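Student: Let me give you the structure first, and then I'll get to my questions.
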Amino acid sequence: MRPLLCVLGLLAMMLAAPALGHDRLRLVADNWPPFTDASMPGGGLATSIVTTALARAGYTSGVEEVPWARALLGVSEGRYDVLINAWYNDSRARIGQFSNAYLSNRIRLLQRKGEAFRYKRQSDLYPYSIAVVRDYAYSPAFDDDTRLHKVPVRNFSSAVRMLAAGRVKLAVEDEYVARYNLQREPQAVRDGVLLVDPPLAENTLHILVSLKHPEHKRIVERFERAIAAMKADGSYARLLRQHGF
């Protein structure tokens with residue numbers, strides 16, 4: 001009897017346990033402080049929110065930080081399960097499932113100080129060269145407008161240094177990201193540029209779950225329920241405060 005009971009107990013444990021590999025998620029993000037940055041507490045605000053919500057949803061996770069283009073490719077190929085910090089666009093929806101928004105970003109233009117520049121509508125930007133981070137999505141209207149003169153660069157630091165040096169007329173970035181990174185640029189760069197009003201766009205931030213993952217729909221559903229619970233119990237607001245938002 002005793003061996004039989006042991007076998008039955010082992011079978012019960014195996015049936016109760018989740019399928020191996022399906023609850024361990026491979027998360028990825030690029031270096032995008034203060035939202036995603038491995039050197040910051042919790043990996044940055046977005047990483048803190050996402051990993052906390054996924055843990056509450058029953059998932060363990062590991063985060064890898066890679067360049068943006070590599071992160072997107074990894075999600076499309078299934079080497080990563082979840083992209084932490086994705087703005088919506090149609091091409092990304094073909095490689096992964098978006099969650100509902102969990103944060104919001106204001107997209108701002110930057111210009112050189114001392115140069116006359118004003119704009120009211122996007123068409124006012126057509127005469128100007130604009131530094132954009134390669135493979136980033138800013139807003140559908142901006143991304144799809146082929147009349148804009150966009151100059152692809154590796155990251156925001158490259159964009160703002162080109163702007164300060166007069167090699168482009170404008171740059172574009174999320175407001176919090178721009179303010180954070182400007183404090184880490186040389187003073188000549190920091191003092192040579194300014195943010196432009198009005199904002200270019202406002203984007204919502206989502207996780208993007210690879211369609212290669214067999215449970216991508218369930219991951220999104222569980223994540224969204226966890227975010228709603230965090231907002232209800234105050235833990236979401238506490239994370240915002242902890243990261244200075």
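Ordering of the structure tokens sets the chain letters (A, B, ...), residue numbers begin anew at 1 in every chain, and ligands are numbered from 1 in the order given.
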Identify, on the basis of only C-alpha atoms, every residue whose closest approach to Ile219 of chain A does not exceed 9 Å; exclude the query and any residue fewer than 5 positions from it along the same chain; express the result as a ChimeraX atom specification.

Tutor: /A:54,57,59,209,224

Student: Once you have the residues from the selection above, write them out as a PDB file, in the first residue's frame, restricted to C-alpha atoms.

Tutor:
ATOM      1  CA  LEU A  54       3.589  39.191 -13.642  1.00  0.00           C
ATOM      2  CA  ALA A  57      -0.183  36.762 -11.923  1.00  0.00           C
ATOM      3  CA  TYR A  59       4.845  33.984 -13.270  1.00  0.00           C
ATOM      4  CA  VAL A 209       3.835  39.058 -25.644  1.00  0.00           C
ATOM      5  CA  GLU A 224      -4.107  42.920 -17.005  1.00  0.00           C
TER       6      GLU A 224
END

Student: Please list as a JSON list (two decimals) with N, CA and C atoms, in the first residue's frame every residue within 9 Å of segment 85-99 of chain A, counting only C-alpha atoms and excluding residues in the same chain fewer than 2 positions away.

Tutor:
[["chain", "number", "residue", "atom", "x", "y", "z"],
["A", 28, "VAL", "N", 12.33, 41.08, -21.97],
["A", 28, "VAL", "CA", 13.38, 41.85, -22.63],
["A", 28, "VAL", "C", 12.97, 43.31, -22.71],
["A", 29, "ALA", "N", 13.97, 44.18, -22.67],
["A", 29, "ALA", "CA", 13.77, 45.62, -22.85],
["A", 29, "ALA", "C", 15.08, 46.21, -23.34],
["A", 30, "ASP", "N", 14.99, 47.40, -23.93],
["A", 30, "ASP", "CA", 16.21, 48.12, -24.24],
["A", 30, "ASP", "C", 16.53, 49.04, -23.06],
["A", 32, "TRP", "N", 16.35, 52.28, -21.50],
["A", 32, "TRP", "CA", 15.46, 53.43, -21.74],
["A", 32, "TRP", "C", 15.10, 54.07, -20.40],
["A", 35, "PHE", "N", 12.55, 54.39, -17.45],
["A", 35, "PHE", "CA", 11.54, 53.34, -17.52],
["A", 35, "PHE", "C", 12.15, 51.93, -17.49],
["A", 36, "THR", "N", 13.21, 51.72, -18.25],
["A", 36, "THR", "CA", 13.88, 50.41, -18.26],
["A", 36, "THR", "C", 15.38, 50.65, -18.24],
["A", 46, "ALA", "N", 9.08, 51.03, -15.51],
["A", 46, "ALA", "CA", 8.29, 50.08, -16.31],
["A", 46, "ALA", "C", 8.63, 48.65, -15.94],
["A", 47, "THR", "N", 9.92, 48.35, -15.77],
["A", 47, "THR", "CA", 10.32, 47.00, -15.40],
["A", 47, "THR", "C", 9.75, 46.62, -14.04],
["A", 72, "LEU", "N", 13.12, 43.48, -30.45],
["A", 72, "LEU", "CA", 11.99, 43.22, -31.34],
["A", 72, "LEU", "C", 12.19, 41.92, -32.13],
["A", 75, "VAL", "N", 11.63, 38.89, -29.88],
["A", 75, "VAL", "CA", 10.21, 38.62, -29.64],
["A", 75, "VAL", "C", 9.58, 37.98, -30.87],
["A", 76, "SER", "N", 9.92, 38.47, -32.05],
["A", 76, "SER", "CA", 9.33, 37.92, -33.28],
["A", 76, "SER", "C", 9.75, 36.47, -33.50],
["A", 77, "GLU", "N", 10.96, 36.12, -33.07],
["A", 77, "GLU", "CA", 11.46, 34.76, -33.25],
["A", 77, "GLU", "C", 11.14, 33.84, -32.08],
["A", 82, "VAL", "N", 8.30, 38.26, -23.56],
["A", 82, "VAL", "CA", 7.60, 39.51, -23.26],
["A", 82, "VAL", "C", 8.54, 40.69, -23.47],
["A", 83, "LEU", "N", 8.12, 41.63, -24.32],
["A", 83, "LEU", "CA", 8.79, 42.92, -24.44],
["A", 83, "LEU", "C", 8.13, 43.86, -23.43],
["A", 101, "ALA", "N", -2.89, 49.35, -21.90],
["A", 101, "ALA", "CA", -1.84, 50.27, -21.45],
["A", 101, "ALA", "C", -1.66, 50.18, -19.94],
["A", 102, "TYR", "N", -0.40, 50.27, -19.50],
["A", 102, "TYR", "CA", -0.14, 50.35, -18.07],
["A", 102, "TYR", "C", 0.60, 51.64, -17.68],
["A", 136, "TYR", "N", 12.27, 52.75, -33.56],
["A", 136, "TYR", "CA", 11.30, 53.21, -32.57],
["A", 136, "TYR", "C", 10.00, 53.61, -33.28],
["A", 137, "ALA", "N", 8.89, 53.49, -32.56],
["A", 137, "ALA", "CA", 7.61, 54.01, -33.02],
["A", 137, "ALA", "C", 7.25, 55.19, -32.13],
["A", 138, "TYR", "N", 6.91, 56.32, -32.72],
["A", 138, "TYR", "CA", 6.60, 57.52, -31.93],
["A", 138, "TYR", "C", 5.10, 57.79, -31.89],
["A", 139, "SER", "N", 4.49, 57.84, -33.05],
["A", 139, "SER", "CA", 3.03, 57.90, -33.15],
["A", 139, "SER", "C", 2.70, 57.47, -34.57],
["A", 140, "PRO", "N", 1.52, 56.88, -34.81],
["A", 140, "PRO", "CA", 1.20, 56.44, -36.18],
["A", 140, "PRO", "C", 1.30, 57.57, -37.20],
["A", 203, "ASN", "N", 1.59, 58.72, -26.08],
["A", 203, "ASN", "CA", 1.54, 57.29, -26.35],
["A", 203, "ASN", "C", 1.25, 56.51, -25.09],
["A", 204, "THR", "N", 0.59, 55.38, -25.25],
["A", 204, "THR", "CA", 0.39, 54.47, -24.14],
["A", 204, "THR", "C", 1.43, 53.36, -24.20],
["A", 205, "LEU", "N", 1.88, 52.92, -23.03],
["A", 205, "LEU", "CA", 2.92, 51.89, -22.94],
["A", 205, "LEU", "C", 2.29, 50.55, -22.59],
["A", 206, "HIS", "N", 2.73, 49.50, -23.27],
["A", 206, "HIS", "CA", 2.14, 48.16, -23.14],
["A", 206, "HIS", "C", 3.25, 47.12, -23.01],
["A", 207, "ILE", "N", 2.90, 45.92, -22.54],
["A", 207, "ILE", "CA", 3.77, 44.78, -22.79],
["A", 207, "ILE", "C", 3.35, 44.17, -24.13],
["A", 208, "LEU", "N", 4.31, 43.53, -24.79],
["A", 208, "LEU", "CA", 4.06, 42.84, -26.05],
["A", 208, "LEU", "C", 4.50, 41.39, -25.86],
["A", 209, "VAL", "N", 3.55, 40.47, -25.90],
["A", 209, "VAL", "CA", 3.84, 39.06, -25.64],
["A", 209, "VAL", "C", 3.97, 38.33, -26.97],
["A", 210, "SER", "N", 5.09, 37.64, -27.15],
["A", 210, "SER", "CA", 5.37, 36.97, -28.42],
["A", 210, "SER", "C", 4.27, 35.99, -28.81],
["A", 211, "LEU", "N", 3.85, 36.06, -30.06],
["A", 211, "LEU", "CA", 2.86, 35.11, -30.57],
["A", 211, "LEU", "C", 3.43, 33.70, -30.65],
["A", 212, "LYS", "N", 4.75, 33.57, -30.53],
["A", 212, "LYS", "CA", 5.37, 32.25, -30.50],
["A", 212, "LYS", "C", 5.10, 31.52, -29.19],
["A", 216, "HIS", "N", 0.20, 33.07, -25.00],
["A", 216, "HIS", "CA", 0.32, 34.53, -25.04],
["A", 216, "HIS", "C", -0.98, 35.23, -24.62],
["A", 217, "LYS", "N", -2.13, 34.69, -25.00],
["A", 217, "LYS", "CA", -3.39, 35.33, -24.61],
["A", 217, "LYS", "C", -3.59, 35.26, -23.11],
["A", 220, "VAL", "N", -1.36, 37.78, -21.20],
["A", 220, "VAL", "CA", -1.91, 39.14, -21.26],
["A", 220, "VAL", "C", -3.10, 39.28, -20.32],
["A", 221, "GLU", "N", -4.00, 38.32, -20.33],
["A", 221, "GLU", "CA", -5.18, 38.39, -19.46],
["A", 221, "GLU", "C", -4.78, 38.44, -17.99],
["A", 223, "PHE", "N", -1.86, 39.33, -16.73],
["A", 223, "PHE", "CA", -1.15, 40.59, -16.49],
["A", 223, "PHE", "C", -2.13, 41.73, -16.27],
["A", 224, "GLU", "N", -3.14, 41.82, -17.12],
["A", 224, "GLU", "CA", -4.11, 42.92, -17.01],
["A", 224, "GLU", "C", -4.89, 42.83, -15.70]]

Student: Quick check for you: according to DSSP on this backbone, which residues of segment 196-233 of chain A are classed as strand (DSSP E)? Reply as a list in words.

Tutor: Val196, Asp197, Pro198, Pro199, Leu200, Ala201, Glu202, Asn203, Thr204, Leu205, His206, Ile207, Leu208, Val209 and Ser210 of chain A

Student: Write the residues of the selection above to a file with C-alpha atoms, as a PDB file, in the first residue's frame.

Tutor:
ATOM      1  CA  VAL A 196       9.388  72.260 -27.636  1.00  0.00           C
ATOM      2  CA  ASP A 197       5.666  72.831 -27.017  1.00  0.00           C
ATOM      3  CA  PRO A 198       3.135  71.529 -27.818  1.00  0.00           C
ATOM      4  CA  PRO A 199       3.825  67.783 -27.376  1.00  0.00           C
ATOM      5  CA  LEU A 200       4.075  65.873 -30.624  1.00  0.00           C
ATOM      6  CA  ALA A 201       1.903  63.012 -29.331  1.00  0.00           C
ATOM      7  CA  GLU A 202       0.900  61.027 -26.287  1.00  0.00           C
ATOM      8  CA  ASN A 203       1.538  57.290 -26.354  1.00  0.00           C
ATOM      9  CA  THR A 204       0.389  54.465 -24.141  1.00  0.00           C
ATOM     10  CA  LEU A 205       2.918  51.894 -22.937  1.00  0.00           C
ATOM     11  CA  HIS A 206       2.143  48.162 -23.144  1.00  0.00           C
ATOM     12  CA  ILE A 207       3.768  44.778 -22.791  1.00  0.00           C
ATOM     13  CA  LEU A 208       4.060  42.839 -26.048  1.00  0.00           C
ATOM     14  CA  VAL A 209       3.835  39.058 -25.644  1.00  0.00           C
ATOM     15  CA  SER A 210       5.372  36.965 -28.416  1.00  0.00           C
TER      16      SER A 210
END

Student: DSSP on the backbone, alpha helix (DSSP H) only: what residues of segment 32-198 of chain A does that give? Format it as a PyMOL selection string.

Tutor: chain A and resi 45-56+68-77+90-93+140-144+156-164+175-182+187-190

Student: Those same residues - N, CA and C atoms - I'd like them written as a compact mmCIF listing (two decimals), in the first residue's frame.

Tutor:
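Below you can see out29.txt, which holds the result:
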# COMPACT_ATOMS: atom_id res chain seq x y z
N LEU A 45 11.13 52.14 -13.74
CA LEU A 45 9.70 52.14 -13.41
C LEU A 45 8.93 51.08 -14.17
N ALA A 46 9.08 51.03 -15.51
CA ALA A 46 8.29 50.08 -16.31
C ALA A 46 8.63 48.65 -15.94
N THR A 47 9.92 48.35 -15.77
CA THR A 47 10.32 47.00 -15.40
C THR A 47 9.75 46.62 -14.04
N SER A 48 9.78 47.56 -13.09
CA SER A 48 9.22 47.29 -11.76
C SER A 48 7.74 46.95 -11.82
N ILE A 49 6.99 47.74 -12.59
CA ILE A 49 5.55 47.50 -12.70
C ILE A 49 5.28 46.15 -13.35
N VAL A 50 5.97 45.87 -14.46
CA VAL A 50 5.70 44.65 -15.23
C VAL A 50 6.09 43.41 -14.44
N THR A 51 7.28 43.40 -13.84
CA THR A 51 7.70 42.20 -13.11
C THR A 51 6.84 41.98 -11.87
N THR A 52 6.42 43.06 -11.21
CA THR A 52 5.53 42.92 -10.05
C THR A 52 4.19 42.34 -10.47
N ALA A 53 3.62 42.87 -11.56
CA ALA A 53 2.32 42.38 -12.03
C ALA A 53 2.40 40.93 -12.47
N LEU A 54 3.46 40.57 -13.18
CA LEU A 54 3.59 39.19 -13.64
C LEU A 54 3.79 38.23 -12.47
N ALA A 55 4.53 38.67 -11.44
CA ALA A 55 4.70 37.83 -10.25
C ALA A 55 3.36 37.61 -9.55
N ARG A 56 2.56 38.66 -9.47
CA ARG A 56 1.23 38.52 -8.86
C ARG A 56 0.32 37.65 -9.72
N TRP A 68 17.28 47.89 -28.94
CA TRP A 68 15.86 47.82 -29.30
C TRP A 68 15.60 46.89 -30.48
N ALA A 69 16.38 47.03 -31.54
CA ALA A 69 16.14 46.20 -32.73
C ALA A 69 16.29 44.72 -32.39
N ARG A 70 17.26 44.38 -31.55
CA ARG A 70 17.46 43.00 -31.15
C ARG A 70 16.31 42.50 -30.28
N ALA A 71 15.77 43.38 -29.44
CA ALA A 71 14.62 43.00 -28.60
C ALA A 71 13.41 42.65 -29.46
N LEU A 72 13.12 43.48 -30.45
CA LEU A 72 11.99 43.22 -31.34
C LEU A 72 12.19 41.92 -32.13
N LEU A 73 13.40 41.74 -32.65
CA LEU A 73 13.69 40.51 -33.41
C LEU A 73 13.54 39.28 -32.52
N GLY A 74 14.02 39.37 -31.27
CA GLY A 74 13.92 38.25 -30.35
C GLY A 74 12.49 37.88 -30.02
N VAL A 75 11.63 38.89 -29.88
CA VAL A 75 10.21 38.62 -29.64
C VAL A 75 9.58 37.98 -30.87
N SER A 76 9.92 38.47 -32.05
CA SER A 76 9.33 37.92 -33.28
C SER A 76 9.75 36.47 -33.50
N GLU A 77 10.96 36.12 -33.07
CA GLU A 77 11.46 34.76 -33.25
C GLU A 77 11.14 33.84 -32.08
N ASP A 90 1.12 48.79 -35.86
CA ASP A 90 0.56 47.62 -36.53
C ASP A 90 1.59 46.53 -36.79
N SER A 91 2.81 46.92 -37.14
CA SER A 91 3.83 45.91 -37.45
C SER A 91 4.16 45.08 -36.21
N ARG A 92 4.15 45.70 -35.04
CA ARG A 92 4.43 44.95 -33.81
C ARG A 92 3.29 44.01 -33.46
N ALA A 93 2.08 44.41 -33.80
CA ALA A 93 0.93 43.55 -33.53
C ALA A 93 0.97 42.27 -34.35
N PRO A 140 1.52 56.88 -34.81
CA PRO A 140 1.20 56.44 -36.18
C PRO A 140 1.30 57.57 -37.20
N ALA A 141 0.81 58.75 -36.85
CA ALA A 141 0.85 59.86 -37.81
C ALA A 141 2.28 60.26 -38.13
N PHE A 142 3.13 60.31 -37.12
CA PHE A 142 4.53 60.69 -37.33
C PHE A 142 5.29 59.59 -38.06
N ASP A 143 5.09 58.35 -37.63
CA ASP A 143 5.85 57.23 -38.22
C ASP A 143 5.52 57.01 -39.68
N ASP A 144 4.26 57.22 -40.06
CA ASP A 144 3.81 56.90 -41.41
C ASP A 144 3.96 58.06 -42.40
N PHE A 156 19.05 58.00 -27.98
CA PHE A 156 18.75 59.41 -27.73
C PHE A 156 20.01 60.24 -27.55
N SER A 157 21.04 59.67 -26.92
CA SER A 157 22.28 60.41 -26.73
C SER A 157 22.86 60.83 -28.07
N SER A 158 22.85 59.93 -29.05
CA SER A 158 23.33 60.29 -30.39
C SER A 158 22.48 61.39 -30.99
N ALA A 159 21.15 61.29 -30.80
CA ALA A 159 20.23 62.28 -31.37
C ALA A 159 20.47 63.66 -30.80
N VAL A 160 20.58 63.74 -29.47
CA VAL A 160 20.68 65.07 -28.85
C VAL A 160 22.06 65.68 -29.10
N ARG A 161 23.09 64.85 -29.23
CA ARG A 161 24.42 65.39 -29.55
C ARG A 161 24.48 65.91 -30.98
N MET A 162 23.82 65.21 -31.89
CA MET A 162 23.73 65.71 -33.26
C MET A 162 22.97 67.02 -33.30
N LEU A 163 21.91 67.10 -32.49
CA LEU A 163 21.12 68.33 -32.43
C LEU A 163 21.96 69.48 -31.90
N ALA A 164 22.66 69.28 -30.80
CA ALA A 164 23.47 70.34 -30.20
C ALA A 164 24.58 70.79 -31.14
N GLU A 175 9.15 62.66 -22.93
CA GLU A 175 9.56 63.78 -22.09
C GLU A 175 10.40 63.35 -20.90
N TYR A 176 9.96 62.33 -20.15
CA TYR A 176 10.71 61.89 -18.98
C TYR A 176 12.07 61.32 -19.37
N VAL A 177 12.11 60.57 -20.46
CA VAL A 177 13.37 60.00 -20.94
C VAL A 177 14.33 61.11 -21.33
N ALA A 178 13.82 62.12 -22.04
CA ALA A 178 14.67 63.24 -22.46
C ALA A 178 15.23 63.98 -21.25
N ARG A 179 14.38 64.31 -20.28
CA ARG A 179 14.84 65.04 -19.09
C ARG A 179 15.87 64.22 -18.31
N TYR A 180 15.60 62.95 -18.15
CA TYR A 180 16.52 62.08 -17.40
C TYR A 180 17.88 62.02 -18.09
N ASN A 181 17.89 61.77 -19.39
CA ASN A 181 19.15 61.59 -20.10
C ASN A 181 19.91 62.88 -20.32
N LEU A 182 19.21 63.99 -20.42
CA LEU A 182 19.91 65.26 -20.59
C LEU A 182 20.79 65.57 -19.38
N GLN A 187 27.70 69.31 -20.33
CA GLN A 187 26.98 70.56 -20.10
C GLN A 187 26.70 71.32 -21.39
N ALA A 188 27.64 71.27 -22.32
CA ALA A 188 27.43 71.98 -23.59
C ALA A 188 26.22 71.44 -24.33
N VAL A 189 26.01 70.13 -24.26
CA VAL A 189 24.84 69.52 -24.89
C VAL A 189 23.59 69.87 -24.10
N ARG A 190 23.67 69.70 -22.78
CA ARG A 190 22.53 69.94 -21.90
C ARG A 190 22.02 71.37 -22.00

Student: Which neighbours of Phe117 of chain A fall inside 10 Å, counting only C-alpha atoms, when residues of the same chain fewer than 6 positions from it are skipped, and could you give them as an MDAnalysis selection string?

Tutor: chainID A and resid 111 124:125 169:170 196

Student: For Gly62 of chain A, list every protein, DNA or RNA residue within 7 Å, evaluated using only C-alpha atoms, and leave out those in the same chain fewer than 2 positions away; present the list as a list in words.

Tutor: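 The filter keeps Leu25, Arg26, Leu27 and Glu64 of chain A.
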
Student: For a test of reading the model, state the distance in Å between atom CA of Asp37 of chain A and atom CA of Arg79 of chain A, rounded to one decimal.

Tutor: 20.2 Å

Student: Find, counting only C-alpha atoms, the residue in A:Ser235, A:Thr146, A:Asn155, A:Gln242 that gets nearest to Asn31 of chain A.

Tutor: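 Under the stated criterion, the closest residue is A:Asn155.
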
Student: In terms of the shortest atom-to-atom distance over only C-alpha atoms, which of A:Glu173, A:Val132, A:Pro152, A:Val63 is closest to Asn105 of chain A?

Tutor: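 Ranking A:Glu173, A:Val132, A:Pro152, A:Val63 by distance to Asn105 of chain A, first place goes to A:Glu173.
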